[in-house]
Amino acid sequence: MAKGKVYLVGAGPGDPKLITVRGLAALQRADVVVYDRLAGPQLLQQLGPETERIYVGKRPDRHTMKQEEINQLLVDLALQGKTVCRLKGGDPTVFGRVGEEAELLRRHGIEFDIVPGITSAIAVPAYAGIPVTHRDWASSFSIITGHESPDKLDRMIHWDKVTNATGTLLFLMGVAKIGYISEQLMKHGRPADTPVALVRWGTRAEQATLVGTLGDIAAKVAEAGFEPPAVIVVGDVVRQRESLRWMETKPLFGWRVLVTRARAQASELSERIDELGGEPYEFPVIETRLQTEPGAVRKIEEALAEADAYDWVMLTSPNGVEAFFAWLVRTGIDIRRFHRARFAAVGPKTAEALQARGVLAEPLPEKFVAEGLLERVAASLRPGQRALLPRGDLAREVLPRELEARGVEAVELDVYETRMNVPQDDGRLLEMLRAGEIHVVTFTSSSTVTNLLEALHLLGEPLPAELLRDVIVACIGPITARTAAEHGLRVDIEASSSTIGGLVEALQDYRRKPSGAG
Ligand code: SAH
């Protein structure tokens, strides 16, 4: 069998967008991904469902894999002919033990690439508003391990040289040794008032920064119970933070927000959360796909074949638009055969989706529900007209009823179907929910509510609603909120406009309230 290849990839410090383009390509190309906890969970969502995932980090229920075992695992997988992505936090060459992994691969004649990543040593201070160099204060920086026992640290770190260097000192793995480190630095000549910052879980929702001086930082760490992992920054550059703090001042900073809608629709919401400093976690519990039910398919084909018999085509969602055009392609019917029809759209997003395909819809309704559409087009409706309604199989009944009441024949097509989806995330969501690491859950339709609860149940949670008790529940509108309440959830945020924009506004309003600190 041909040998596989191993990509030794730096995942960056946690923010999933801080992986390199090459790293992401390797991740998506891999048959199997070997990762630990420093590589952010969102990156694993970039994988296809067939990709094998092997967690080699710490886990309470299992022994932690030793480095030698990991090295061997990579060799074994590659010898099976697999393309392997070894995903490591930060940069793989900075305290990443990539040398040991690469060496064993080389000995077995296995090809490997090292794909550098953004190291936490530089990126984490940057996210706290601390640049590691400064034109006036720091013309160099050192990245130093704080991992070893004090006597070994003394042998490895030349405190006298380190201390006298003019630059910034960056300690990784050093939180537990902060007392010893600051002592040594002062003993060898760094003034007690030298600024120090510890930045924990930088670039993630949990990012937290503690600032002090060499003289008082150990006491502050103890007092605050400040936990690893953190980057320790020593030097005058820390002062920059006062004016350069940027991440921590964003409106949704510190919130990890669960996005439950279908993957294809999730990105708009996720992007806006990300822009506002929140950390989206996508867990699409809905999946939409083109209709497959034979009866419904026949009805679609028949209706499209009579394209020129319609006076109206009324679309109720961007999904519906996409599916409608997909069916035109599939059946080989040209859109121009709808030459008699006027197009109408429920809501601006649906109108935009139509416009993107070169179709201008009738003026927008004021309300984004079916009743609103009707108010606007009512004047042009005539008895005896025919309207085509391509929509999902869960669409509401108001529109066809109202059309019929006005003597318009409504032909409903279930162009796509919506199914429940249980995302494969290796148990990460449950783990995060149980650890209180999901701060907000967003529901953008009633089925996201019912599906999430069912998915959690299927994943092994006996009381899903109970698990969400301490999570802020945000609903896109009143109907979704009612469903959430009916399922025993406490609704904290209810957007009024039933749009993603409205939901994002409502999240910010809630956060601004003193009680919404989260
Ligand atoms: N190869 C990694 C470092 C591995 S050593 C890199 O280049 O970033 C692990 C140490 O990195 C942790 O103990 C901590 O000091 C630091 N670290 C990694 N990710 C971090 C993060 N998001 N926030 C703070 N410190 C982090």
# chains A, B, ... in the order shown; residues from 1 in each chain; ligands from 1

$ closest_atom_pairs --of "chain A" --to "ligand 1" --cutoff "8 Å" --atoms "only C-alpha atoms and all ligand atoms" --output "Markdown table"
| residue | atom | partner | partner_atom_place_in_ligand_line | distance |
| --- | --- | --- | --- | --- |
| A:Gly10 | CA | ligand 1 | 1 (N) | 7.4 |
| A:Gly12 | CA | ligand 1 | 8 (O) | 6.8 |
| A:Pro13 | CA | ligand 1 | 22 (N) | 4.4 |
| A:Gly14 | CA | ligand 1 | 22 (N) | 5.2 |
| A:Leu38 | CA | ligand 1 | 19 (N) | 5.9 |
| A:Lys88 | CA | ligand 1 | 1 (N) | 6.6 |
| A:Gly89 | CA | ligand 1 | 2 (C) | 5.0 |
| A:Gly90 | CA | ligand 1 | 8 (O) | 3.4 |
| A:Asp91 | CA | ligand 1 | 7 (O) | 3.8 |
| A:Pro92 | CA | ligand 1 | 1 (N) | 5.0 |
| A:Thr93 | CA | ligand 1 | 1 (N) | 6.3 |
| A:Val94 | CA | ligand 1 | 1 (N) | 4.5 |
| A:Phe95 | CA | ligand 1 | 4 (C) | 4.9 |
| A:Gly96 | CA | ligand 1 | 1 (N) | 4.4 |
| A:Gly117 | CA | ligand 1 | 7 (O) | 7.1 |
| A:Ile118 | CA | ligand 1 | 7 (O) | 6.6 |
| A:Thr119 | CA | ligand 1 | 7 (O) | 3.5 |
| A:Ser120 | CA | ligand 1 | 8 (O) | 3.6 |
| A:Ala121 | CA | ligand 1 | 8 (O) | 5.7 |
| A:Val124 | CA | ligand 1 | 23 (N) | 5.7 |
| A:Thr145 | CA | ligand 1 | 5 (S) | 7.9 |
| A:His147 | CA | ligand 1 | 13 (O) | 7.8 |
| A:Phe171 | CA | ligand 1 | 15 (O) | 6.7 |
| A:Leu172 | CA | ligand 1 | 15 (O) | 3.4 |
| A:Met173 | CA | ligand 1 | 13 (O) | 3.3 |
| A:Gly174 | CA | ligand 1 | 15 (O) | 6.3 |
| A:Val175 | CA | ligand 1 | 15 (O) | 7.6 |
| A:Val199 | CA | ligand 1 | 24 (C) | 5.7 |
| A:Arg200 | CA | ligand 1 | 24 (C) | 4.4 |
| A:Trp201 | CA | ligand 1 | 23 (N) | 3.3 |
| A:Gly202 | CA | ligand 1 | 23 (N) | 3.8 |
| A:Thr203 | CA | ligand 1 | 22 (N) | 5.9 |
| A:Arg204 | CA | ligand 1 | 22 (N) | 6.5 |
| A:Gln207 | CA | ligand 1 | 23 (N) | 7.2 |
| A:Pro228 | CA | ligand 1 | 13 (O) | 6.4 |
| A:Pro229 | CA | ligand 1 | 14 (C) | 4.4 |
| A:Ala230 | CA | ligand 1 | 25 (N) | 3.6 |
| A:Val231 | CA | ligand 1 | 25 (N) | 4.5 |
| A:Ile232 | CA | ligand 1 | 15 (O) | 7.3 |

$ select_by_dssp --residues "segment 23-242 of chain A" --states "helix (DSSP H, G or I)" --output "VMD selection string"
chain A and resid 23 to 29 41 to 44 67 to 79 98 to 107 120 to 127 150 to 156 159 to 164 175 to 187 217 to 224 236 to 242

$ closest_residue --among "A:Val84, A:Ile178, A:Ala218, A:Met247" --to "Ile130 of chain A" --atoms "only C-alpha atoms"
A:Met247

$ residues_around --residues "segment 403-420 of chain A" --least-positions-apart "4" --cutoff "10 Å" --atoms "only C-alpha atoms" --output "compact mmCIF listing (two decimals) with all heavy atoms, in the first residue's frame"
# COMPACT_ATOMS: atom_id res chain seq x y z
N ALA A 262 -29.84 25.88 9.88
CA ALA A 262 -29.21 25.04 8.87
C ALA A 262 -27.88 25.64 8.41
O ALA A 262 -27.74 26.85 8.32
CB ALA A 262 -30.14 24.86 7.67
N PRO A 284 -25.81 23.02 13.46
CA PRO A 284 -27.03 23.06 12.64
C PRO A 284 -27.92 21.84 12.87
O PRO A 284 -27.56 20.73 12.49
CB PRO A 284 -26.50 23.08 11.19
CG PRO A 284 -25.11 22.56 11.27
CD PRO A 284 -24.60 22.81 12.66
N VAL A 285 -29.05 22.06 13.51
CA VAL A 285 -29.95 20.95 13.82
C VAL A 285 -31.00 20.76 12.74
O VAL A 285 -31.89 19.93 12.87
CB VAL A 285 -30.62 21.13 15.20
CG1 VAL A 285 -29.57 21.02 16.31
CG2 VAL A 285 -31.36 22.46 15.28
N ILE A 286 -30.88 21.57 11.70
CA ILE A 286 -31.79 21.45 10.57
C ILE A 286 -30.97 21.27 9.31
O ILE A 286 -29.89 21.82 9.18
CB ILE A 286 -32.61 22.74 10.41
CG1 ILE A 286 -33.61 22.85 11.54
CG2 ILE A 286 -33.34 22.78 9.08
CD1 ILE A 286 -34.51 24.02 11.40
N GLU A 287 -31.52 20.49 8.43
CA GLU A 287 -30.86 20.30 7.15
C GLU A 287 -31.94 20.47 6.10
O GLU A 287 -33.01 19.90 6.23
CB GLU A 287 -30.31 18.89 7.13
CG GLU A 287 -29.45 18.53 5.97
CD GLU A 287 -29.00 17.08 6.11
OE1 GLU A 287 -29.85 16.19 5.94
OE2 GLU A 287 -27.83 16.86 6.40
N THR A 288 -31.66 21.26 5.09
CA THR A 288 -32.65 21.37 4.01
C THR A 288 -32.06 20.75 2.76
O THR A 288 -30.86 20.85 2.51
CB THR A 288 -32.98 22.85 3.71
OG1 THR A 288 -31.76 23.52 3.43
CG2 THR A 288 -33.69 23.51 4.85
N ARG A 289 -32.90 20.07 2.02
CA ARG A 289 -32.44 19.54 0.73
C ARG A 289 -33.62 19.50 -0.22
O ARG A 289 -34.78 19.59 0.20
CB ARG A 289 -31.83 18.15 0.91
CG ARG A 289 -32.80 17.17 1.52
CD ARG A 289 -32.25 15.76 1.48
NE ARG A 289 -33.30 14.81 1.75
CZ ARG A 289 -33.11 13.50 1.85
NH1 ARG A 289 -31.91 13.00 1.67
NH2 ARG A 289 -34.12 12.70 2.09
N LEU A 290 -33.31 19.39 -1.49
CA LEU A 290 -34.38 19.38 -2.48
C LEU A 290 -35.32 18.22 -2.21
O LEU A 290 -34.91 17.16 -1.74
CB LEU A 290 -33.80 19.24 -3.89
CG LEU A 290 -33.19 20.50 -4.52
CD1 LEU A 290 -32.96 20.26 -6.00
CD2 LEU A 290 -34.06 21.72 -4.29
N GLN A 291 -36.57 18.47 -2.51
CA GLN A 291 -37.60 17.47 -2.27
C GLN A 291 -37.26 16.12 -2.92
O GLN A 291 -36.75 16.08 -4.04
CB GLN A 291 -38.91 17.99 -2.87
CG GLN A 291 -40.12 17.16 -2.60
CD GLN A 291 -40.39 17.00 -1.11
OE1 GLN A 291 -40.12 15.96 -0.53
NE2 GLN A 291 -40.88 18.06 -0.48
N THR A 292 -37.52 15.05 -2.20
CA THR A 292 -37.26 13.72 -2.78
C THR A 292 -38.52 12.85 -2.81
O THR A 292 -38.55 11.84 -3.48
CB THR A 292 -36.21 12.96 -1.94
OG1 THR A 292 -36.66 12.92 -0.58
CG2 THR A 292 -34.85 13.63 -2.01
N GLU A 293 -39.55 13.27 -2.09
CA GLU A 293 -40.76 12.44 -1.99
C GLU A 293 -41.41 12.37 -3.39
O GLU A 293 -41.73 13.41 -3.99
CB GLU A 293 -41.68 13.06 -0.94
CG GLU A 293 -42.74 12.15 -0.40
CD GLU A 293 -43.99 12.17 -1.28
OE1 GLU A 293 -44.50 13.27 -1.54
OE2 GLU A 293 -44.38 11.07 -1.72
N ALA A 296 -44.53 14.51 -4.32
CA ALA A 296 -44.23 15.94 -4.34
C ALA A 296 -43.39 16.31 -5.55
O ALA A 296 -43.59 17.36 -6.18
CB ALA A 296 -43.52 16.34 -3.05
N VAL A 297 -42.47 15.42 -5.90
CA VAL A 297 -41.60 15.68 -7.06
C VAL A 297 -42.44 15.74 -8.34
O VAL A 297 -42.27 16.64 -9.18
CB VAL A 297 -40.51 14.59 -7.18
CG1 VAL A 297 -39.77 14.70 -8.51
CG2 VAL A 297 -39.52 14.71 -6.01
N LYS A 299 -45.54 16.52 -8.62
CA LYS A 299 -46.33 17.76 -8.61
C LYS A 299 -45.47 18.95 -9.05
O LYS A 299 -45.93 19.82 -9.81
CB LYS A 299 -46.88 17.99 -7.20
CG LYS A 299 -47.91 19.08 -7.14
CD LYS A 299 -48.57 19.16 -5.77
CE LYS A 299 -49.45 20.41 -5.71
NZ LYS A 299 -49.84 20.74 -4.35
N ILE A 300 -44.24 18.98 -8.60
CA ILE A 300 -43.33 20.08 -8.99
C ILE A 300 -43.11 20.06 -10.50
O ILE A 300 -43.22 21.09 -11.18
CB ILE A 300 -41.96 19.95 -8.26
CG1 ILE A 300 -42.13 20.15 -6.76
CG2 ILE A 300 -40.95 20.94 -8.82
CD1 ILE A 300 -40.93 19.72 -5.93
N GLU A 301 -42.80 18.87 -11.01
CA GLU A 301 -42.51 18.77 -12.45
C GLU A 301 -43.71 19.19 -13.30
O GLU A 301 -43.56 19.91 -14.28
CB GLU A 301 -42.08 17.34 -12.78
CG GLU A 301 -40.70 17.01 -12.22
CD GLU A 301 -40.35 15.52 -12.26
OE1 GLU A 301 -41.27 14.71 -12.52
OE2 GLU A 301 -39.18 15.20 -12.01
N ALA A 303 -46.18 21.20 -12.40
CA ALA A 303 -46.44 22.64 -12.27
C ALA A 303 -45.46 23.46 -13.10
O ALA A 303 -45.85 24.41 -13.79
CB ALA A 303 -46.36 23.04 -10.80
N LEU A 304 -44.19 23.08 -13.06
CA LEU A 304 -43.18 23.84 -13.81
C LEU A 304 -43.39 23.71 -15.32
O LEU A 304 -43.13 24.64 -16.08
CB LEU A 304 -41.76 23.39 -13.42
CG LEU A 304 -41.36 23.69 -11.97
CD1 LEU A 304 -39.92 23.27 -11.72
CD2 LEU A 304 -41.54 25.17 -11.63
N TYR A 310 -49.19 30.65 -15.13
CA TYR A 310 -49.26 31.30 -13.82
C TYR A 310 -49.24 32.83 -13.90
O TYR A 310 -48.53 33.39 -14.73
CB TYR A 310 -48.11 30.81 -12.94
CG TYR A 310 -48.33 29.38 -12.51
CD1 TYR A 310 -47.77 28.32 -13.22
CD2 TYR A 310 -49.18 29.10 -11.45
CE1 TYR A 310 -48.03 27.02 -12.87
CE2 TYR A 310 -49.44 27.79 -11.09
CZ TYR A 310 -48.87 26.76 -11.79
OH TYR A 310 -49.15 25.47 -11.43
N ASP A 311 -50.05 33.45 -13.05
CA ASP A 311 -50.08 34.91 -12.96
C ASP A 311 -49.14 35.41 -11.86
O ASP A 311 -48.73 36.56 -11.86
CB ASP A 311 -51.51 35.37 -12.63
CG ASP A 311 -52.49 34.82 -13.65
OD1 ASP A 311 -52.52 35.33 -14.77
OD2 ASP A 311 -53.20 33.84 -13.31
N TRP A 312 -48.87 34.53 -10.92
CA TRP A 312 -48.03 34.90 -9.79
C TRP A 312 -47.07 33.77 -9.43
O TRP A 312 -47.43 32.60 -9.53
CB TRP A 312 -48.87 35.15 -8.53
CG TRP A 312 -49.73 36.36 -8.59
CD1 TRP A 312 -51.04 36.42 -8.95
CD2 TRP A 312 -49.33 37.69 -8.27
NE1 TRP A 312 -51.49 37.70 -8.88
CE2 TRP A 312 -50.45 38.51 -8.46
CE3 TRP A 312 -48.12 38.27 -7.85
CZ2 TRP A 312 -50.40 39.89 -8.23
CZ3 TRP A 312 -48.08 39.63 -7.63
CH2 TRP A 312 -49.22 40.43 -7.83
N VAL A 313 -45.87 34.16 -8.98
CA VAL A 313 -45.01 33.21 -8.28
C VAL A 313 -44.69 33.89 -6.94
O VAL A 313 -44.16 35.01 -6.93
CB VAL A 313 -43.71 32.91 -9.06
CG1 VAL A 313 -42.82 31.96 -8.24
CG2 VAL A 313 -44.03 32.30 -10.42
N MET A 314 -45.10 33.25 -5.85
CA MET A 314 -44.91 33.89 -4.55
C MET A 314 -43.92 33.08 -3.73
O MET A 314 -44.14 31.90 -3.47
CB MET A 314 -46.24 33.98 -3.81
CG MET A 314 -47.23 34.86 -4.57
SD MET A 314 -48.76 35.04 -3.65
CE MET A 314 -49.59 36.28 -4.67
N ASN A 319 -34.60 30.11 1.07
CA ASN A 319 -34.53 28.67 0.77
C ASN A 319 -35.44 28.29 -0.37
O ASN A 319 -35.08 27.50 -1.24
CB ASN A 319 -35.04 27.88 1.98
CG ASN A 319 -33.91 27.37 2.82
OD1 ASN A 319 -32.81 27.22 2.32
ND2 ASN A 319 -34.18 27.15 4.09
N GLY A 320 -36.65 28.83 -0.32
CA GLY A 320 -37.63 28.54 -1.35
C GLY A 320 -37.14 29.02 -2.71
O GLY A 320 -37.31 28.35 -3.73
N VAL A 321 -36.52 30.22 -2.71
CA VAL A 321 -36.00 30.76 -3.97
C VAL A 321 -34.94 29.83 -4.54
O VAL A 321 -34.96 29.44 -5.70
CB VAL A 321 -35.39 32.18 -3.74
CG1 VAL A 321 -34.69 32.67 -5.00
CG2 VAL A 321 -36.47 33.14 -3.29
N GLU A 322 -34.02 29.46 -3.65
CA GLU A 322 -32.92 28.62 -4.10
C GLU A 322 -33.44 27.29 -4.66
O GLU A 322 -33.03 26.83 -5.73
CB GLU A 322 -31.96 28.36 -2.93
CG GLU A 322 -30.66 27.77 -3.39
CD GLU A 322 -29.74 27.50 -2.20
OE1 GLU A 322 -29.65 28.37 -1.31
OE2 GLU A 322 -29.15 26.42 -2.16
N ALA A 323 -34.39 26.70 -3.94
CA ALA A 323 -34.91 25.41 -4.37
C ALA A 323 -35.71 25.55 -5.66
O ALA A 323 -35.63 24.70 -6.56
CB ALA A 323 -35.78 24.81 -3.27
N PHE A 324 -36.48 26.63 -5.78
CA PHE A 324 -37.26 26.87 -7.00
C PHE A 324 -36.35 26.90 -8.23
O PHE A 324 -36.59 26.23 -9.22
CB PHE A 324 -38.03 28.19 -6.84
CG PHE A 324 -38.77 28.63 -8.07
CD1 PHE A 324 -39.85 27.89 -8.56
CD2 PHE A 324 -38.41 29.78 -8.74
CE1 PHE A 324 -40.54 28.30 -9.69
CE2 PHE A 324 -39.08 30.21 -9.87
CZ PHE A 324 -40.15 29.46 -10.35
N PHE A 325 -35.25 27.66 -8.10
CA PHE A 325 -34.33 27.75 -9.25
C PHE A 325 -33.60 26.42 -9.47
O PHE A 325 -33.32 26.06 -10.61
CB PHE A 325 -33.37 28.92 -9.07
CG PHE A 325 -33.99 30.23 -9.45
CD1 PHE A 325 -34.74 30.96 -8.53
CD2 PHE A 325 -33.88 30.71 -10.75
CE1 PHE A 325 -35.36 32.15 -8.89
CE2 PHE A 325 -34.49 31.90 -11.12
CZ PHE A 325 -35.23 32.62 -10.18
N ALA A 326 -33.31 25.72 -8.41
CA ALA A 326 -32.67 24.41 -8.57
C ALA A 326 -33.59 23.47 -9.35
O ALA A 326 -33.13 22.70 -10.20
CB ALA A 326 -32.32 23.83 -7.21
N TRP A 327 -34.87 23.58 -9.08
CA TRP A 327 -35.82 22.72 -9.82
C TRP A 327 -35.93 23.14 -11.29
O TRP A 327 -36.09 22.30 -12.17
CB TRP A 327 -37.20 22.75 -9.16
CG TRP A 327 -37.28 21.80 -8.00
CD1 TRP A 327 -37.36 22.11 -6.68
CD2 TRP A 327 -37.23 20.37 -8.08
NE1 TRP A 327 -37.37 20.97 -5.92
CE2 TRP A 327 -37.29 19.88 -6.76
CE3 TRP A 327 -37.14 19.46 -9.13
CZ2 TRP A 327 -37.28 18.52 -6.46
CZ3 TRP A 327 -37.12 18.10 -8.84
CH2 TRP A 327 -37.19 17.65 -7.52
N LEU A 374 -49.58 39.79 1.56
CA LEU A 374 -50.91 39.87 0.97
C LEU A 374 -51.42 41.30 0.92
O LEU A 374 -51.98 41.74 -0.07
CB LEU A 374 -51.86 39.00 1.79
CG LEU A 374 -52.80 38.20 0.92
CD1 LEU A 374 -52.01 37.35 -0.05
CD2 LEU A 374 -53.66 37.30 1.80
N ALA A 378 -52.59 42.69 -2.58
CA ALA A 378 -54.02 42.43 -2.64
C ALA A 378 -54.69 43.18 -3.80
O ALA A 378 -55.53 42.63 -4.51
CB ALA A 378 -54.68 42.79 -1.32
N LEU A 381 -54.54 41.40 -7.05
CA LEU A 381 -55.07 40.04 -7.16
C LEU A 381 -56.45 40.06 -7.82
O LEU A 381 -57.28 40.90 -7.50
CB LEU A 381 -55.18 39.40 -5.76
CG LEU A 381 -53.86 39.10 -5.04
CD1 LEU A 381 -54.12 38.66 -3.61
CD2 LEU A 381 -53.06 38.05 -5.79
N ARG A 382 -56.66 39.14 -8.75
CA ARG A 382 -57.95 39.07 -9.43
C ARG A 382 -58.47 37.65 -9.32
O ARG A 382 -57.70 36.69 -9.47
CB ARG A 382 -57.80 39.39 -10.94
CG ARG A 382 -57.22 40.74 -11.25
CD ARG A 382 -58.29 41.84 -11.29
NE ARG A 382 -57.66 43.12 -11.48
CZ ARG A 382 -57.17 43.88 -10.48
NH1 ARG A 382 -57.23 43.47 -9.23
NH2 ARG A 382 -56.62 45.06 -10.71
N PRO A 383 -59.77 37.52 -9.13
CA PRO A 383 -60.35 36.18 -9.13
C PRO A 383 -60.03 35.47 -10.43
O PRO A 383 -59.99 36.11 -11.49
CB PRO A 383 -61.86 36.43 -9.00
CG PRO A 383 -61.99 37.81 -8.43
CD PRO A 383 -60.79 38.57 -8.88
N GLY A 384 -59.75 34.19 -10.33
CA GLY A 384 -59.45 33.42 -11.53
C GLY A 384 -57.96 33.34 -11.86
O GLY A 384 -57.55 32.56 -12.71
N GLN A 385 -57.16 34.14 -11.15
CA GLN A 385 -55.71 34.05 -11.39
C GLN A 385 -55.14 32.79 -10.75
O GLN A 385 -55.77 32.19 -9.87
CB GLN A 385 -55.00 35.28 -10.78
CG GLN A 385 -55.24 36.56 -11.54
CD GLN A 385 -54.46 37.72 -10.94
OE1 GLN A 385 -54.20 37.75 -9.74
NE2 GLN A 385 -54.09 38.67 -11.79
N ARG A 386 -53.95 32.42 -11.20
CA ARG A 386 -53.27 31.26 -10.60
C ARG A 386 -51.95 31.71 -9.99
O ARG A 386 -51.19 32.44 -10.63
CB ARG A 386 -52.97 30.20 -11.66
CG ARG A 386 -54.20 29.50 -12.20
CD ARG A 386 -53.76 28.50 -13.24
NE ARG A 386 -53.50 27.19 -12.64
CZ ARG A 386 -52.90 26.20 -13.29
NH1 ARG A 386 -52.46 26.36 -14.52
NH2 ARG A 386 -52.73 25.04 -12.71
N ALA A 387 -51.68 31.24 -8.80
CA ALA A 387 -50.42 31.59 -8.12
C ALA A 387 -49.65 30.32 -7.79
O ALA A 387 -50.22 29.35 -7.30
CB ALA A 387 -50.70 32.38 -6.85
N LEU A 388 -48.37 30.37 -8.08
CA LEU A 388 -47.50 29.26 -7.72
C LEU A 388 -46.78 29.60 -6.42
O LEU A 388 -46.24 30.70 -6.29
CB LEU A 388 -46.49 29.03 -8.85
CG LEU A 388 -45.69 27.73 -8.77
CD1 LEU A 388 -46.61 26.53 -8.92
CD2 LEU A 388 -44.62 27.70 -9.85
N LEU A 389 -46.80 28.69 -5.48
CA LEU A 389 -46.16 28.94 -4.18
C LEU A 389 -45.10 27.88 -3.90
O LEU A 389 -45.35 26.87 -3.25
CB LEU A 389 -47.22 28.89 -3.05
CG LEU A 389 -48.01 30.15 -2.74
CD1 LEU A 389 -48.82 30.63 -3.92
CD2 LEU A 389 -48.91 29.90 -1.53
N PRO A 390 -43.89 28.12 -4.39
CA PRO A 390 -42.82 27.16 -4.10
C PRO A 390 -42.28 27.43 -2.70
O PRO A 390 -41.86 28.53 -2.40
CB PRO A 390 -41.74 27.50 -5.14
CG PRO A 390 -42.31 28.59 -6.00
CD PRO A 390 -43.40 29.22 -5.22
N ARG A 391 -42.34 26.45 -1.82
CA ARG A 391 -41.89 26.68 -0.45
C ARG A 391 -41.49 25.39 0.21
O ARG A 391 -41.48 24.34 -0.42
CB ARG A 391 -43.00 27.37 0.33
CG ARG A 391 -44.33 26.70 0.08
CD ARG A 391 -45.43 27.61 0.52
NE ARG A 391 -46.41 26.83 1.27
CZ ARG A 391 -47.29 27.35 2.07
NH1 ARG A 391 -47.30 28.63 2.28
NH2 ARG A 391 -48.16 26.59 2.68
N GLY A 392 -41.17 25.47 1.51
CA GLY A 392 -40.74 24.28 2.23
C GLY A 392 -41.92 23.47 2.71
O GLY A 392 -43.05 23.94 2.73
N ASP A 393 -41.65 22.28 3.16
CA ASP A 393 -42.76 21.42 3.56
C ASP A 393 -43.31 21.78 4.93
O ASP A 393 -44.28 21.18 5.39
CB ASP A 393 -42.36 19.94 3.50
CG ASP A 393 -41.07 19.66 4.26
OD1 ASP A 393 -40.50 20.60 4.84
OD2 ASP A 393 -40.64 18.52 4.28
N LEU A 394 -42.69 22.78 5.57
CA LEU A 394 -43.21 23.16 6.88
C LEU A 394 -43.85 24.56 6.85
O LEU A 394 -44.12 25.14 7.88
CB LEU A 394 -42.08 23.14 7.93
CG LEU A 394 -41.48 21.76 8.20
CD1 LEU A 394 -40.31 21.89 9.17
CD2 LEU A 394 -42.52 20.80 8.76
N ALA A 395 -44.06 25.05 5.67
CA ALA A 395 -44.56 26.42 5.55
C ALA A 395 -45.97 26.55 6.14
O ALA A 395 -46.72 25.59 6.20
CB ALA A 395 -44.57 26.85 4.09
N VAL A 398 -51.35 30.29 6.07
CA VAL A 398 -52.10 31.53 5.91
C VAL A 398 -52.20 31.97 4.45
O VAL A 398 -53.29 32.30 3.95
CB VAL A 398 -51.44 32.67 6.72
CG1 VAL A 398 -52.25 33.94 6.61
CG2 VAL A 398 -51.28 32.24 8.17
N LEU A 399 -51.09 31.96 3.77
CA LEU A 399 -51.04 32.53 2.43
C LEU A 399 -52.00 31.84 1.45
O LEU A 399 -52.83 32.51 0.83
CB LEU A 399 -49.59 32.51 1.93
CG LEU A 399 -49.30 33.22 0.62
CD1 LEU A 399 -49.78 34.66 0.65
CD2 LEU A 399 -47.79 33.20 0.35
N SER A 447 -38.58 24.92 14.56
CA SER A 447 -37.95 23.61 14.43
C SER A 447 -36.51 23.60 14.96
O SER A 447 -36.01 22.55 15.35
CB SER A 447 -38.03 23.07 13.01
OG SER A 447 -37.77 24.09 12.09
N THR A 448 -35.86 24.77 15.01
CA THR A 448 -34.53 24.76 15.64
C THR A 448 -34.67 24.43 17.14
O THR A 448 -33.81 23.77 17.71
CB THR A 448 -33.78 26.10 15.48
OG1 THR A 448 -34.55 27.15 16.04
CG2 THR A 448 -33.47 26.40 14.03
N THR A 450 -37.19 22.56 18.68
CA THR A 450 -37.53 21.15 18.91
C THR A 450 -36.37 20.24 18.49
O THR A 450 -36.07 19.26 19.17
CB THR A 450 -38.81 20.77 18.15
OG1 THR A 450 -38.69 21.22 16.80
CG2 THR A 450 -40.03 21.43 18.77
N ASN A 451 -35.72 20.59 17.39
CA ASN A 451 -34.61 19.74 16.93
C ASN A 451 -33.41 19.78 17.87
O ASN A 451 -32.76 18.77 18.09
CB ASN A 451 -34.16 20.14 15.52
CG ASN A 451 -35.19 19.77 14.46
OD1 ASN A 451 -36.30 19.37 14.79
ND2 ASN A 451 -34.82 19.91 13.21
N LEU A 452 -33.11 20.96 18.41
CA LEU A 452 -31.96 21.02 19.32
C LEU A 452 -32.22 20.15 20.55
O LEU A 452 -31.36 19.37 20.96
CB LEU A 452 -31.65 22.46 19.76
CG LEU A 452 -30.47 22.51 20.75
CD1 LEU A 452 -29.16 22.12 20.07
CD2 LEU A 452 -30.32 23.88 21.41
N GLU A 454 -34.17 17.66 20.81
CA GLU A 454 -34.13 16.24 20.45
C GLU A 454 -32.69 15.78 20.19
O GLU A 454 -32.30 14.68 20.59
CB GLU A 454 -35.01 16.00 19.22
CG GLU A 454 -35.34 14.53 19.05
CD GLU A 454 -36.24 14.27 17.85
OE1 GLU A 454 -36.97 15.21 17.47
OE2 GLU A 454 -36.19 13.16 17.31
N ALA A 455 -31.92 16.63 19.52
CA ALA A 455 -30.53 16.27 19.24
C ALA A 455 -29.76 16.05 20.54
O ALA A 455 -29.00 15.08 20.68
CB ALA A 455 -29.86 17.35 18.39

$ residues_around --residues "Thr83 of chain A" --least-positions-apart "3" --cutoff "8 Å" --atoms "only C-alpha atoms" --output "number ranges by chain"
A: 4-7, 29-32, 77-78

$ write_last_selection --atoms "C-alpha atoms" --output "CSV table (one decimal), in the first residue's frame"
chain,number,residue,atom,x,y,z
A,4,GLY,CA,0.0,8.3,3.3
A,5,LYS,CA,1.2,11.8,4.1
A,6,VAL,CA,1.1,13.8,7.4
A,7,TYR,CA,0.5,17.5,7.6
A,29,ARG,CA,-8.0,17.3,2.6
A,30,ALA,CA,-7.3,14.9,5.5
A,31,ASP,CA,-8.8,11.4,6.0
A,32,VAL,CA,-8.1,11.7,9.7
A,77,LEU,CA,-2.1,6.1,10.3
A,78,ALA,CA,0.2,7.1,7.5

$ residues_around --residues "Ile333 of chain A" --least-positions-apart "4" --cutoff "8 Å" --atoms "only C-alpha atoms" --output "ChimeraX atom specification"
/A:304-305,328-329,337
